[in-house]
Structure formats: structure tokens, C-alpha cells
file entry17.pdb (PDB, C-alpha atoms)
MODEL        1
ATOM      1  CA  MET A 239      -5.157   9.127 -14.180  1.00  0.00           C
ATOM      2  CA  LEU A 240      -7.299   7.828 -11.322  1.00  0.00           C
ATOM      3  CA  LEU A 241      -8.261   4.213 -10.868  1.00  0.00           C
ATOM      4  CA  THR A 242     -10.251   2.838  -7.948  1.00  0.00           C
ATOM      5  CA  SER A 243     -10.612  -0.887  -7.594  1.00  0.00           C
ATOM      6  CA  GLN A 244     -12.564  -2.926  -5.099  1.00  0.00           C
ATOM      7  CA  ILE A 245     -10.112  -5.458  -3.629  1.00  0.00           C
ATOM      8  CA  ASP A 246     -12.980  -7.220  -1.907  1.00  0.00           C
ATOM      9  CA  TYR A 247     -16.371  -6.141  -0.605  1.00  0.00           C
ATOM     10  CA  CYS A 248     -14.906  -4.077   2.235  1.00  0.00           C
ATOM     11  CA  VAL A 249     -11.554  -2.752   0.907  1.00  0.00           C
ATOM     12  CA  SER A 250     -10.910  -0.349  -1.954  1.00  0.00           C
ATOM     13  CA  LEU A 251      -7.648   0.869  -3.442  1.00  0.00           C
ATOM     14  CA  THR A 252      -7.344   4.124  -5.363  1.00  0.00           C
ATOM     15  CA  CYS A 253      -4.320   4.537  -7.624  1.00  0.00           C
ATOM     16  CA  GLY A 254      -4.024   8.190  -8.550  1.00  0.00           C
ATOM     17  CA  ASP A 255      -1.543  10.628 -10.014  1.00  0.00           C
ATOM     18  CA  GLY A 256       1.376  10.210  -7.676  1.00  0.00           C
ATOM     19  CA  GLN A 257      -0.447   8.577  -4.778  1.00  0.00           C
ATOM     20  CA  MET A 258      -2.200   5.459  -3.475  1.00  0.00           C
ATOM     21  CA  THR A 259      -5.079   5.310  -0.983  1.00  0.00           C
ATOM     22  CA  VAL A 260      -6.503   2.246   0.778  1.00  0.00           C
ATOM     23  CA  ALA A 261      -9.981   2.521   2.333  1.00  0.00           C
ATOM     24  CA  LEU A 262     -11.211  -0.091   4.817  1.00  0.00           C
ATOM     25  CA  GLN A 263     -14.890  -0.243   5.790  1.00  0.00           C
ATOM     26  CA  LYS A 264     -15.023  -0.032   9.588  1.00  0.00           C
ATOM     27  CA  ALA A 265     -18.118  -2.216   9.830  1.00  0.00           C
ATOM     28  CA  ASN A 266     -16.170  -5.128   8.362  1.00  0.00           C
ATOM     29  CA  TYR A 267     -13.068  -4.593  10.523  1.00  0.00           C
ATOM     30  CA  PRO A 268     -14.456  -3.929  14.030  1.00  0.00           C
ATOM     31  CA  TYR A 269     -11.224  -5.220  15.593  1.00  0.00           C
ATOM     32  CA  LEU A 270      -9.075  -2.556  13.866  1.00  0.00           C
ATOM     33  CA  ASN A 271      -8.347   0.710  15.624  1.00  0.00           C
ATOM     34  CA  ALA A 272      -7.319   3.475  13.204  1.00  0.00           C
ATOM     35  CA  SER A 273      -4.900   4.933  15.749  1.00  0.00           C
ATOM     36  CA  ARG A 274      -2.869   1.690  15.620  1.00  0.00           C
ATOM     37  CA  LEU A 275      -2.762   1.304  11.819  1.00  0.00           C
ATOM     38  CA  HIS A 276       0.107   2.499   9.669  1.00  0.00           C
ATOM     39  CA  LEU A 277       1.866   1.746   6.399  1.00  0.00           C
ATOM     40  CA  SER A 278       5.282   0.063   6.095  1.00  0.00           C
ATOM     41  CA  ASP A 279       6.768   3.239   7.565  1.00  0.00           C
ATOM     42  CA  PRO A 280       5.292   3.471  11.090  1.00  0.00           C
ATOM     43  CA  SER A 281       5.181   7.274  10.815  1.00  0.00           C
ATOM     44  CA  CYS A 282       2.582   6.996   8.011  1.00  0.00           C
ATOM     45  CA  ARG A 283      -0.548   6.729  10.138  1.00  0.00           C
ATOM     46  CA  ALA A 284      -4.165   6.048   9.257  1.00  0.00           C
ATOM     47  CA  THR A 285      -6.959   8.612   9.289  1.00  0.00           C
ATOM     48  CA  GLU A 286     -10.649   7.863   9.649  1.00  0.00           C
ATOM     49  CA  SER A 287     -14.164   8.995   8.919  1.00  0.00           C
ATOM     50  CA  ALA A 288     -17.380   7.726  10.495  1.00  0.00           C
ATOM     51  CA  THR A 289     -17.446   4.749   8.103  1.00  0.00           C
ATOM     52  CA  HIS A 290     -13.896   4.161   6.805  1.00  0.00           C
ATOM     53  CA  ILE A 291     -10.231   3.958   7.768  1.00  0.00           C
ATOM     54  CA  PHE A 292      -7.863   5.505   5.198  1.00  0.00           C
ATOM     55  CA  LEU A 293      -4.156   4.977   4.570  1.00  0.00           C
ATOM     56  CA  LYS A 294      -2.621   7.227   1.948  1.00  0.00           C
ATOM     57  CA  THR A 295       0.879   7.651   0.557  1.00  0.00           C
ATOM     58  CA  SER A 296       2.625   9.292  -2.321  1.00  0.00           C
ATOM     59  CA  LEU A 297       4.531   6.938  -4.598  1.00  0.00           C
ATOM     60  CA  ASP A 298       7.880   7.961  -3.128  1.00  0.00           C
ATOM     61  CA  SER A 299       7.191   7.939   0.615  1.00  0.00           C
ATOM     62  CA  CYS A 300       6.146   5.684   3.503  1.00  0.00           C
ATOM     63  CA  TRP A 301       8.734   3.100   2.452  1.00  0.00           C
ATOM     64  CA  THR A 302       6.875   2.379  -0.782  1.00  0.00           C
ATOM     65  CA  ILE A 303       8.867  -0.023  -2.929  1.00  0.00           C
ATOM     66  CA  ARG A 304       8.998   0.433  -6.692  1.00  0.00           C
ATOM     67  CA  LEU A 305       9.353  -2.560  -9.005  1.00  0.00           C
ATOM     68  CA  GLU A 306       9.891  -1.986 -12.691  1.00  0.00           C
ATOM     69  CA  THR A 307       9.758  -4.022 -15.852  1.00  0.00           C
ATOM     70  CA  GLY A 308      10.018  -2.924 -19.460  1.00  0.00           C
ATOM     71  CA  THR A 309       6.287  -2.158 -19.543  1.00  0.00           C
ATOM     72  CA  TRP A 310       5.167  -1.538 -15.956  1.00  0.00           C
ATOM     73  CA  LEU A 311       6.042   0.438 -12.824  1.00  0.00           C
ATOM     74  CA  THR A 312       4.529  -1.166  -9.723  1.00  0.00           C
ATOM     75  CA  PHE A 313       4.465   0.508  -6.324  1.00  0.00           C
ATOM     76  CA  ASN A 314       4.052  -1.726  -3.250  1.00  0.00           C
ATOM     77  CA  ASN A 315       3.278  -0.981   0.362  1.00  0.00           C
ATOM     78  CA  LYS A 316       1.571  -2.681   3.288  1.00  0.00           C
ATOM     79  CA  VAL A 317      -1.065  -1.805   5.898  1.00  0.00           C
ATOM     80  CA  LYS A 318       0.162  -2.908   9.329  1.00  0.00           C
ATOM     81  CA  ARG A 319      -1.171  -2.808  12.864  1.00  0.00           C
ATOM     82  CA  GLY A 320       1.123  -1.574  15.599  1.00  0.00           C
ATOM     83  CA  SER A 321       1.558  -3.311  18.923  1.00  0.00           C
ATOM     84  CA  GLU A 322      -1.018  -2.732  21.610  1.00  0.00           C
ATOM     85  CA  PRO A 323       0.088  -2.105  25.196  1.00  0.00           C
ATOM     86  CA  ILE A 324      -2.052  -3.823  27.823  1.00  0.00           C
ATOM     87  CA  GLY A 325      -0.696  -2.832  31.207  1.00  0.00           C
ATOM     88  CA  ASN A 326       2.989  -3.803  31.224  1.00  0.00           C
ATOM     89  CA  ILE A 327       2.492  -6.263  28.363  1.00  0.00           C
ATOM     90  CA  LYS A 328       2.944  -5.265  24.735  1.00  0.00           C
ATOM     91  CA  ARG A 329       0.712  -7.310  22.437  1.00  0.00           C
ATOM     92  CA  ASP A 330       1.776  -7.640  18.796  1.00  0.00           C
ATOM     93  CA  HIS A 331      -0.897  -8.415  16.250  1.00  0.00           C
ATOM     94  CA  ASN A 332      -0.189 -10.343  13.118  1.00  0.00           C
ATOM     95  CA  PHE A 333      -2.189  -8.126  10.755  1.00  0.00           C
ATOM     96  CA  GLY A 334      -0.870  -7.089   7.378  1.00  0.00           C
ATOM     97  CA  MET A 335      -2.465  -6.196   4.065  1.00  0.00           C
ATOM     98  CA  ASN A 336      -0.233  -5.811   1.015  1.00  0.00           C
ATOM     99  CA  PHE A 337      -1.369  -3.542  -1.786  1.00  0.00           C
ATOM    100  CA  ASN A 338       0.087  -2.178  -5.009  1.00  0.00           C
ATOM    101  CA  CYS A 339      -0.623   0.142  -7.893  1.00  0.00           C
ATOM    102  CA  SER A 340       0.736  -0.592 -11.360  1.00  0.00           C
ATOM    103  CA  TYR A 341       1.169   1.982 -14.086  1.00  0.00           C
ATOM    104  CA  ARG A 342       2.166   1.493 -17.716  1.00  0.00           C
ATOM    105  CA  ARG A 343       5.533   3.181 -18.178  1.00  0.00           C
ATOM    106  CA  LYS A 344       4.311   5.213 -21.167  1.00  0.00           C
ATOM    107  CA  GLU A 345       1.304   6.548 -19.226  1.00  0.00           C
ATOM    108  CA  PHE A 346       3.382   7.195 -16.129  1.00  0.00           C
ATOM    109  CA  LEU A 347       5.440   9.964 -17.713  1.00  0.00           C
ATOM    110  CA  SER A 348       2.936  12.585 -16.587  1.00  0.00           C
ATOM    111  CA  LEU A 349       3.307  11.649 -12.903  1.00  0.00           C
ATOM    112  CA  SER A 350       6.037  13.162 -10.789  1.00  0.00           C
ATOM    113  CA  PHE A 351       7.805  11.405  -7.934  1.00  0.00           C
ATOM    114  CA  THR A 352      11.294  11.012  -6.520  1.00  0.00           C
ATOM    115  CA  PRO A 353      12.247   7.330  -6.292  1.00  0.00           C
ATOM    116  CA  GLN A 354      13.908   6.248  -3.049  1.00  0.00           C
ATOM    117  CA  GLY A 355      14.952   2.845  -4.307  1.00  0.00           C
ATOM    118  CA  VAL A 356      14.441   0.503  -7.196  1.00  0.00           C
ATOM    119  CA  ILE A 357      14.161  -3.263  -7.182  1.00  0.00           C
ATOM    120  CA  ARG A 358      14.786  -4.788 -10.566  1.00  0.00           C
ATOM    121  CA  PRO A 359      13.788  -8.417 -11.068  1.00  0.00           C
ATOM    122  CA  SER A 360      16.790 -10.632 -11.579  1.00  0.00           C
ATOM    123  CA  LEU A 361      17.058 -12.786 -14.660  1.00  0.00           C
ATOM    124  CA  LYS A 362      16.503 -15.932 -12.593  1.00  0.00           C
ATOM    125  CA  ASP A 363      13.055 -14.569 -11.586  1.00  0.00           C
ATOM    126  CA  MET A 364      12.001 -14.036 -15.190  1.00  0.00           C
ATOM    127  CA  SER A 365      10.950 -16.535 -17.798  1.00  0.00           C
ATOM    128  CA  LEU A 366      11.582 -16.108 -21.480  1.00  0.00           C
ATOM    129  CA  THR A 367       9.596 -17.851 -24.166  1.00  0.00           C
ATOM    130  CA  LEU A 368      10.700 -17.759 -27.780  1.00  0.00           C
TER     131      LEU A 368
ENDMDL
END
call {"tool": "encode", "arguments": {"input": "entry17.pdb", "output": "C-alpha cells"}}
result
Amino acid sequence: MLLTSQIDYCVSLTCGDGQMTVALQKANYPYLNASRLHLSDPSCRATESATHIFLKTSLDSCWTIRLETGTWLTFNNKVKRGSEPIGNIKRDHNFGMNFNCSYRRKEFLSLSFTPQGVIRPSLKDMSLTL
């Protein structure tokens, strides 16, 4: 199962078997330096080509959070920009891009991953209509 969706004209998200990949078009993000970008886990760094910046993770790494309902498994992570040292000053940038991949539970059985944590919605966050 491989699904690529265009989030907007310059960002794409690929949800594959056991992994997620975000691709940012460099031309539309000239202020982003691939060497400063990472996922929620700062050790999960970006890579780049001549035209794109890529951030890739398996569904059970890089501090990916799994949310589950009766029908869906949703995996969430975030692209972040690390601080930038300028002389003795460390400049923090307020850049973040959340992304997620959702899989139907029945279709997900063929994927393999080791969950590192589960967040289950509480009853107060759910609505029930009869």
C-alpha cells in the first residue's frame, strides 16, 4: 500500500508500507536549510536532493505517535527546524509542520511495526450519536 498526497503545491506526503515520507520543494522554502530540519526526534534528520528536502520515518521511530480508533490507525509526527547559532547567540525558529498517515485497521494487518506508545482517545473527546 503506497499513497502519495499533495498537501499543498510545494509539499507532498507519502504513506507507505511501514513508513512516511515528507518532501518539501526547495524553491518554495528558500529559508529552510536541510541540515537544520528534523522530525520530532532531533536525531531524525532531513536529507536533500537538488530540488527537494526529504524527511522519512518508519511508523515506530522518530517519536511518531500512534492514535487508534475502532476503524483507523493514525501515525503523527512533525517537521521541525533546529536552532541556528549566530556567533554566541542561538536563534530559535518557530517552524513546525505536522503531518500524519492514516490506515484502515483491516488493511494495516500486512504492515509490520513495533509500537512505542499508544494514545487512545478518551470518552470525553468522542461524540456518540444514536
call {"tool": "closest_residue", "arguments": {"input": "entry17.pdb", "among": "A:Arg274, A:Lys294, A:Arg304, A:Arg283", "to": "A:Tyr341", "atoms": "only C-alpha atoms"}}
result
A:Arg304
call {"tool": "resolve_selection", "arguments": {"input": "entry17.pdb", "expression": "the PyMOL selection byres ((chain A and resi 286) around 10)", "output": "ChimeraX atom specification"}}
result
/A:261-264,271-273,284-285,287-293
call {"tool": "write_last_selection", "arguments": {"input": "entry17.pdb", "atoms": "C-alpha atoms", "output": "PDB file, keeping the file's coordinate frame"}}
result
ATOM      1  CA  ALA A 261      -9.981   2.521   2.333  1.00  0.00           C
ATOM      2  CA  LEU A 262     -11.211  -0.091   4.817  1.00  0.00           C
ATOM      3  CA  GLN A 263     -14.890  -0.243   5.790  1.00  0.00           C
ATOM      4  CA  LYS A 264     -15.023  -0.032   9.588  1.00  0.00           C
ATOM      5  CA  ASN A 271      -8.347   0.710  15.624  1.00  0.00           C
ATOM      6  CA  ALA A 272      -7.319   3.475  13.204  1.00  0.00           C
ATOM      7  CA  SER A 273      -4.900   4.933  15.749  1.00  0.00           C
ATOM      8  CA  ALA A 284      -4.165   6.048   9.257  1.00  0.00           C
ATOM      9  CA  THR A 285      -6.959   8.612   9.289  1.00  0.00           C
ATOM     10  CA  SER A 287     -14.164   8.995   8.919  1.00  0.00           C
ATOM     11  CA  ALA A 288     -17.380   7.726  10.495  1.00  0.00           C
ATOM     12  CA  THR A 289     -17.446   4.749   8.103  1.00  0.00           C
ATOM     13  CA  HIS A 290     -13.896   4.161   6.805  1.00  0.00           C
ATOM     14  CA  ILE A 291     -10.231   3.958   7.768  1.00  0.00           C
ATOM     15  CA  PHE A 292      -7.863   5.505   5.198  1.00  0.00           C
ATOM     16  CA  LEU A 293      -4.156   4.977   4.570  1.00  0.00           C
TER      17      LEU A 293
END
call {"tool": "atom_distance", "arguments": {"input": "entry17.pdb", "atom1": "atom CA of A:Pro268", "atom2": "atom CA of A:Leu297"}}
result
28.7 Å
call {"tool": "atom_distance", "arguments": {"input": "entry17.pdb", "atom1": "atom CA of A:Cys248", "atom2": "atom CA of A:Glu306"}}
result
29.0 Å
call {"tool": "atom_distance", "arguments": {"input": "entry17.pdb", "atom1": "atom CA of A:Ser299", "atom2": "atom CA of A:Ser278"}}
result
9.8 Å
call {"tool": "axis_aligned_box", "arguments": {"input": "entry17.pdb", "around": "stretch 290-309 of chain A", "padding_each_side": "4 Å", "output": "AutoDock Vina command-line options"}}
result
--center_x -1.9 --center_y 2.6 --center_z -5.9 --size_x 31.9 --size_y 21.3 --size_z 35.3
call {"tool": "resolve_selection", "arguments": {"input": "entry17.pdb", "expression": "the PyMOL selection byres ((chain A and resi 303) around 7)", "output": "list in words"}}
result
Trp301, Thr302, Arg304, Leu305, Phe313, Asn314, Asn315 and Gly355 of chain A
call {"tool": "closest_residue", "arguments": {"input": "entry17.pdb", "among": "A:Gln257, A:Ser340, A:Thr295, A:Asn266", "to": "A:Trp310", "atoms": "only C-alpha atoms"}}
result
A:Ser340
call {"tool": "closest_residue", "arguments": {"input": "entry17.pdb", "among": "A:Thr259, A:Ser296, A:Thr309, A:Ser281", "to": "A:Phe337", "atoms": "all atoms listed in the file"}}
result
A:Thr259
call {"tool": "closest_residue", "arguments": {"input": "entry17.pdb", "among": "A:His276, A:Gly254, A:Val249, A:Cys339", "to": "A:Thr312", "atoms": "only C-alpha atoms"}}
result
A:Cys339
call {"tool": "resolve_selection", "arguments": {"input": "entry17.pdb", "expression": "the PyMOL selection byres ((chain A and resi 334) around 6)", "output": "list in words"}}
result
Val317, Lys318, Phe333 and Met335 of chain A
